[in-house]
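Enquirer: Supplied structure: structure18.cif, mmCIF, C-alpha atoms.
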data_structure
#
loop_
_atom_site.label_atom_id
_atom_site.label_comp_id
_atom_site.auth_asym_id
_atom_site.auth_seq_id
_atom_site.Cartn_x
_atom_site.Cartn_y
_atom_site.Cartn_z
CA LYS A 263 -59.37 -45.74 65.52
CA ALA A 264 -63.08 -45.24 65.31
CA GLY A 265 -64.21 -42.26 63.28
CA VAL A 266 -66.45 -39.39 64.25
CA THR A 267 -69.87 -40.61 65.30
CA GLN A 268 -73.05 -38.56 65.25
CA THR A 269 -76.43 -39.36 66.68
CA PRO A 270 -79.12 -39.49 65.63
CA ARG A 271 -78.55 -39.89 61.90
CA TYR A 272 -82.01 -38.69 60.96
CA LEU A 273 -84.50 -36.43 62.70
CA ILE A 274 -87.87 -35.02 61.80
CA LYS A 275 -89.10 -32.11 63.89
CA THR A 276 -91.93 -29.64 63.75
CA ARG A 277 -91.44 -25.91 63.40
CA GLY A 278 -91.10 -24.28 66.82
CA GLN A 279 -89.63 -27.34 68.52
CA GLN A 280 -86.06 -27.66 69.69
CA VAL A 281 -83.51 -30.33 68.88
CA THR A 282 -80.23 -31.62 70.32
CA LEU A 283 -77.62 -33.34 68.18
CA SER A 284 -74.71 -35.30 69.56
CA CYS A 285 -71.16 -35.88 68.38
CA SER A 286 -68.36 -38.11 69.61
CA PRO A 287 -64.97 -37.09 68.18
CA ILE A 288 -62.07 -39.34 67.30
CA SER A 289 -60.28 -40.53 70.42
CA GLY A 290 -57.60 -38.03 71.40
CA HIS A 291 -59.10 -35.15 69.44
CA ARG A 292 -60.00 -32.22 71.64
CA SER A 293 -61.36 -29.88 68.97
CA VAL A 294 -64.90 -30.31 67.72
CA SER A 295 -66.54 -28.13 65.10
CA TRP A 296 -70.06 -28.04 63.72
CA TYR A 297 -71.12 -27.20 60.18
CA GLN A 298 -74.46 -26.83 58.48
CA GLN A 299 -74.73 -28.16 54.92
CA THR A 300 -77.58 -27.13 52.62
CA PRO A 301 -77.93 -27.23 48.83
CA GLY A 302 -78.31 -23.47 48.69
CA GLN A 303 -75.67 -22.26 51.15
CA GLY A 304 -73.21 -25.14 51.04
CA LEU A 305 -71.06 -25.87 54.07
CA GLN A 306 -71.20 -23.17 56.71
CA PHE A 307 -69.29 -23.02 59.97
CA LEU A 308 -71.40 -22.92 63.12
CA PHE A 309 -68.92 -23.06 66.00
CA GLU A 310 -65.83 -24.77 67.34
CA TYR A 311 -65.02 -26.08 70.81
CA PHE A 312 -61.73 -27.01 72.40
CA SER A 313 -61.44 -28.32 75.94
CA GLU A 314 -65.03 -27.32 76.74
CA THR A 315 -64.50 -23.73 75.53
CA GLN A 316 -66.05 -22.18 72.47
CA ARG A 317 -63.16 -20.69 70.52
CA ASN A 318 -64.94 -19.58 67.39
CA LYS A 319 -68.44 -18.91 66.20
CA GLY A 320 -69.99 -18.49 62.78
CA ASN A 321 -72.73 -16.13 61.66
CA PHE A 322 -75.76 -18.00 62.90
CA PRO A 323 -78.53 -16.69 65.16
CA GLY A 324 -78.49 -17.32 68.89
CA ARG A 325 -81.00 -20.16 68.43
CA PHE A 326 -77.98 -22.27 67.54
CA SER A 327 -75.86 -23.20 70.52
CA GLY A 328 -73.44 -25.87 71.50
CA ARG A 329 -71.33 -27.25 74.27
CA GLN A 330 -68.51 -29.65 74.83
CA PHE A 331 -68.04 -32.04 77.70
CA SER A 332 -64.89 -33.01 79.55
CA ASN A 333 -64.60 -36.19 77.45
CA SER A 334 -64.61 -34.00 74.29
CA ARG A 335 -68.06 -35.18 73.23
CA SER A 336 -70.14 -32.30 71.95
CA GLU A 337 -73.77 -31.40 71.51
CA MET A 338 -75.45 -28.72 69.51
CA ASN A 339 -78.90 -27.40 70.16
CA VAL A 340 -81.30 -25.55 67.92
CA SER A 341 -84.26 -23.90 69.58
CA THR A 342 -87.46 -22.66 68.00
CA LEU A 343 -86.87 -24.56 64.79
CA GLU A 344 -87.65 -22.91 61.46
CA LEU A 345 -88.25 -24.56 58.11
CA GLY A 346 -84.94 -23.14 56.90
CA ASP A 347 -83.07 -25.11 59.55
CA SER A 348 -83.61 -28.26 57.52
CA ALA A 349 -80.09 -29.37 56.66
CA LEU A 350 -77.33 -31.89 57.15
CA TYR A 351 -75.49 -31.02 60.35
CA LEU A 352 -71.91 -32.17 60.32
CA CYS A 353 -69.60 -32.57 63.25
CA ALA A 354 -65.86 -32.39 62.64
CA SER A 355 -63.09 -33.65 64.88
CA SER A 356 -59.66 -32.04 64.62
CA PHE A 357 -56.11 -32.76 65.68
CA GLY A 358 -54.12 -29.70 64.70
CA GLN A 359 -55.56 -28.79 61.33
CA LEU A 360 -56.28 -32.36 60.29
CA THR A 361 -60.05 -32.31 60.35
CA TYR A 362 -62.32 -35.31 59.91
CA PHE A 363 -66.05 -35.17 59.47
CA GLY A 364 -68.74 -37.45 60.79
CA PRO A 365 -71.59 -38.80 58.64
CA GLY A 366 -73.91 -36.01 59.73
CA THR A 367 -77.39 -35.74 61.16
CA ARG A 368 -80.10 -35.09 58.58
CA LEU A 369 -82.62 -32.72 60.20
CA THR A 370 -85.95 -32.14 58.51
CA VAL A 371 -88.22 -29.44 59.89
CA THR A 372 -91.89 -29.66 58.87
CA GLN B 1317 -68.57 -12.01 50.60
CA GLN B 1318 -67.70 -15.50 49.47
CA GLN B 1319 -64.20 -16.24 50.74
CA VAL B 1320 -63.57 -19.26 48.49
CA LYS B 1321 -64.95 -19.58 44.96
CA GLN B 1322 -65.00 -22.97 43.28
CA SER B 1323 -65.54 -23.98 39.67
CA PRO B 1324 -66.94 -25.72 37.77
CA GLN B 1325 -70.19 -26.58 39.51
CA SER B 1326 -70.30 -29.92 37.70
CA LEU B 1327 -67.86 -31.90 35.62
CA ILE B 1328 -68.17 -34.93 33.37
CA VAL B 1329 -64.99 -36.83 32.54
CA GLN B 1330 -64.37 -40.07 30.69
CA LYS B 1331 -62.72 -42.93 32.55
CA GLY B 1332 -58.96 -42.52 32.40
CA GLY B 1333 -59.17 -38.78 31.83
CA ILE B 1334 -57.96 -35.91 33.98
CA SER B 1335 -60.43 -34.08 36.23
CA ILE B 1336 -59.52 -30.51 37.14
CA ILE B 1337 -61.33 -28.44 39.76
CA ASN B 1338 -60.35 -24.86 40.49
CA CYS B 1339 -60.64 -22.64 43.55
CA ALA B 1340 -59.83 -19.02 44.21
CA TYR B 1341 -59.60 -17.34 47.60
CA GLU B 1342 -59.78 -13.81 48.87
CA ASN B 1343 -57.90 -13.69 52.14
CA THR B 1344 -54.12 -13.79 51.70
CA ALA B 1345 -53.78 -14.78 55.35
CA PHE B 1346 -55.24 -18.24 54.69
CA ASP B 1347 -52.51 -20.76 55.37
CA TYR B 1348 -54.09 -24.19 54.98
CA PHE B 1349 -56.00 -25.49 51.97
CA PRO B 1350 -57.63 -28.93 52.14
CA TRP B 1351 -59.77 -30.75 49.62
CA TYR B 1352 -62.65 -32.95 50.68
CA GLN B 1353 -64.54 -35.68 48.82
CA GLN B 1354 -68.16 -36.37 49.66
CA PHE B 1355 -70.30 -39.28 48.55
CA PRO B 1356 -74.10 -39.14 48.83
CA GLY B 1357 -75.25 -39.82 52.37
CA LYS B 1358 -71.76 -39.47 53.79
CA GLY B 1359 -69.78 -36.73 55.47
CA PRO B 1360 -66.89 -35.05 53.62
CA ALA B 1361 -63.66 -37.06 53.70
CA LEU B 1362 -60.25 -35.37 53.78
CA LEU B 1363 -58.49 -36.08 50.49
CA ILE B 1364 -55.35 -33.98 50.38
CA ALA B 1365 -54.18 -30.64 51.76
CA ILE B 1366 -51.48 -28.05 51.05
CA ARG B 1367 -49.85 -25.06 52.70
CA PRO B 1368 -48.95 -21.88 50.73
CA ASP B 1369 -45.20 -22.43 51.00
CA VAL B 1370 -45.51 -25.37 48.59
CA SER B 1371 -46.55 -25.05 44.92
CA GLU B 1372 -47.60 -28.65 44.39
CA LYS B 1373 -48.47 -31.72 46.42
CA LYS B 1374 -49.17 -35.16 45.04
CA GLU B 1375 -50.76 -38.14 46.72
CA GLY B 1376 -51.41 -41.06 44.42
CA ARG B 1377 -53.68 -39.92 41.59
CA PHE B 1378 -54.54 -36.65 43.36
CA THR B 1379 -52.45 -33.49 42.97
CA ILE B 1380 -52.96 -30.00 44.35
CA SER B 1381 -51.41 -27.13 42.41
CA PHE B 1382 -51.07 -23.88 44.33
CA ASN B 1383 -50.48 -20.39 42.90
CA LYS B 1384 -49.97 -17.97 45.78
CA SER B 1385 -49.63 -14.85 43.65
CA ALA B 1386 -52.89 -15.57 41.82
CA LYS B 1387 -54.63 -16.72 45.03
CA GLN B 1388 -55.72 -19.89 43.27
CA PHE B 1389 -55.39 -23.58 43.83
CA SER B 1390 -56.64 -26.59 41.95
CA LEU B 1391 -57.21 -30.31 42.32
CA HIS B 1392 -56.14 -32.63 39.53
CA ILE B 1393 -57.39 -36.21 39.49
CA MET B 1394 -55.31 -38.29 37.11
CA ASP B 1395 -56.65 -41.46 35.48
CA SER B 1396 -60.15 -40.66 36.76
CA GLN B 1397 -62.25 -43.69 37.68
CA PRO B 1398 -66.02 -44.17 38.04
CA GLY B 1399 -65.41 -44.64 41.78
CA ASP B 1400 -64.15 -41.05 41.89
CA SER B 1401 -67.67 -39.82 41.08
CA ALA B 1402 -68.51 -37.65 44.06
CA THR B 1403 -68.76 -34.02 45.11
CA TYR B 1404 -65.47 -32.29 45.80
CA PHE B 1405 -65.04 -29.29 48.08
CA CYS B 1406 -62.06 -27.03 48.43
CA ALA B 1407 -61.57 -25.14 51.67
CA ALA B 1408 -59.32 -22.56 53.27
CA CYS B 1409 -58.42 -21.85 56.86
CA LEU B 1410 -56.35 -19.53 59.02
CA THR B 1411 -54.23 -21.46 61.50
CA TYR B 1412 -54.87 -18.99 64.30
CA ASN B 1413 -58.63 -19.10 63.72
CA PHE B 1414 -59.04 -22.54 65.19
CA ASN B 1415 -60.31 -24.79 62.44
CA LYS B 1416 -62.89 -22.41 61.01
CA PHE B 1417 -62.95 -23.59 57.41
CA TYR B 1418 -64.35 -21.59 54.52
CA PHE B 1419 -65.63 -24.01 51.91
CA GLY B 1420 -66.13 -23.64 48.19
CA SER B 1421 -69.55 -24.39 46.77
CA GLY B 1422 -68.60 -27.87 45.58
CA THR B 1423 -68.05 -29.62 42.25
CA LYS B 1424 -70.08 -32.66 41.33
CA LEU B 1425 -67.82 -34.98 39.36
CA ASN B 1426 -69.22 -37.73 37.16
CA VAL B 1427 -66.71 -40.12 35.64
CA LYS B 1428 -68.23 -42.02 32.72
CA PRO B 1429 -67.14 -45.66 32.25
#
Could you write out this structure as structure tokens?
Expert:
Amino acid sequence: KAGVTQTPRYLIKTRGQQVTLSCSPISGHRSVSWYQQTPGQGLQFLFEYFSETQRNKGNFPGRFSGRQFSNSRSEMNVSTLELGDSALYLCASSFGQLTYFGPGTRLTVT
Amino acid sequence: QQQVKQSPQSLIVQKGGISIINCAYENTAFDYFPWYQQFPGKGPALLIAIRPDVSEKKEGRFTISFNKSAKQFSLHIMDSQPGDSATYFCAACLTYNFNKFYFGSGTKLNVKP
């Protein structure tokens, strides 16, 4: 089976812009989660989707949003980018509690 | 409040030695504890996981020891190899909370040849 794929792998954006990141989970996995990884804060949970419904949300501002499509693919959006949003954004695909991460999208905000 | 505390922050071990990474958690309701391995430029990879009804789980050279009363769990890497050099993260999760993992801060392991 193919693993979790994320696109794009690298992004450079300017403060104030918005960005959309995409994730394709492992075939058959209906749960998709998003995490932000930074050197200072480590891995932090953003939100989780199952069958197009957000089931859980972390402590991030409303500028961070996501959605899931009927084929389980997911996108996350960050509006009005801030310098502090620079991070590795990881998508995770789950079957039960077995959770597998993608390679991440490295977002740099200048 | 940090839900999962991990130590040490970094670890240097000689090839063939034992690497030990420790984690402590706050919430006694956590019921799933995975360990992830991350190489530079890659996403975390699931290594091994344990549930609190088991005190130890072994998979190859990797062993999780779990102490429910102390709210602690640890990863032991036997016969450590240079290829094991990576950052290791412990995590904890509540089954009913739909895959919301609380991660430790990570341990950077360097295995010297």
Enquirer: Take the PyMOL selection byres ((chain A and resi 299-313) around 8), apply it to the structure above, and return the hits as a PyMOL selection string.
Expert: (chain A and resi 292-298+314-322+326+328-332+334+348-352) or (chain B and resi 1414-1422)
Enquirer: Can you check which parts of chain A lie within 6 Å of chain B? Per residue, the shortest pair of atoms and distance in Å to one decimal, counting all atoms listed in the file, sorted by chain and number, as CSV.
Expert:
residue,atom,partner,partner_atom,distance
A:Gly304,CA,B:Ser1421,CA,5.7
A:Phe363,CA,B:Gly1359,CA,5.7
A:Gly364,CA,B:Gly1359,CA,5.5
A:Pro365,CA,B:Gly1359,CA,4.2
A:Gly366,CA,B:Gly1359,CA,6.0
Enquirer: Run the PyMOL selection byres ((chain B and resi 1380) around 9) on the file and write out the hits as a list in words.
Expert: Trp1351, Ile1364, Ala1365, Ile1366, Ser1371, Glu1372, Lys1373, Lys1374, Glu1375, Phe1378, Thr1379, Ser1381, Phe1382, Phe1389, Ser1390, Leu1391 and His1392 of chain B
Enquirer: Which neighbours of A:Arg277 fall inside 7 Å, counting all atoms listed in the file, when residues of the same chain fewer than 4 positions from it are skipped, and could you give them as a list in words?
Expert: Thr342, Leu343, Glu344, Leu345, Val371 and Thr372 of chain A
Enquirer: So the first atom is atom CA of B:Asp1369 and the second is atom CA of A:Leu360; what is the distance between them in Å, to one decimal place?
Expert: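 Straight-line distance from atom CA of B:Asp1369 to atom CA of A:Leu360 works out to 17.5 Å.
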Enquirer: Counting only C-alpha atoms, what is within 8 Å of stretch 1326-1342 of chain B, bar same-chain residues fewer than 5 positions away, as a list in words?
Expert: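 Near stretch 1326-1342 of chain B, the qualifying residues are Gln1319, Val1320, Lys1321, Lys1387, Gln1388, Phe1389, Ser1390, Leu1391, His1392, Ile1393, Met1394, Asp1395, Ser1396, Gln1397, Pro1398, Cys1406, Ala1408, Gly1420, Thr1423, Lys1424, Leu1425, Asn1426, Val1427, Lys1428 and Pro1429 of chain B.
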Enquirer: Any idea what's packed within 12 Å of A:Ser341, counting all atoms listed in the file, ignoring anything in its chain fewer than 6 positions away? Could you give it as a list in words?
Expert: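 In the requested form, the answer reads Lys275, Thr276, Arg277, Gly278, Gln279, Gln280, Val281, Thr282, Leu283, Pro323, Gly324, Arg325, Phe326, Ser327, Gly328, Asp347 and Val371 of chain A.
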Enquirer: Taking the file as shown, what set of residues would the PyMOL selection byres ((chain A and resi 284) around 8) give back, as a ChimeraX atom specification?
Expert: /A:268-270,282-283,285-286,335-338
Enquirer: Rounded to one decimal, what separation in Å do you get between atom CA of A:Tyr362 and atom CA of B:Thr1403?
Expert: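 It comes out at 16.2 Å.
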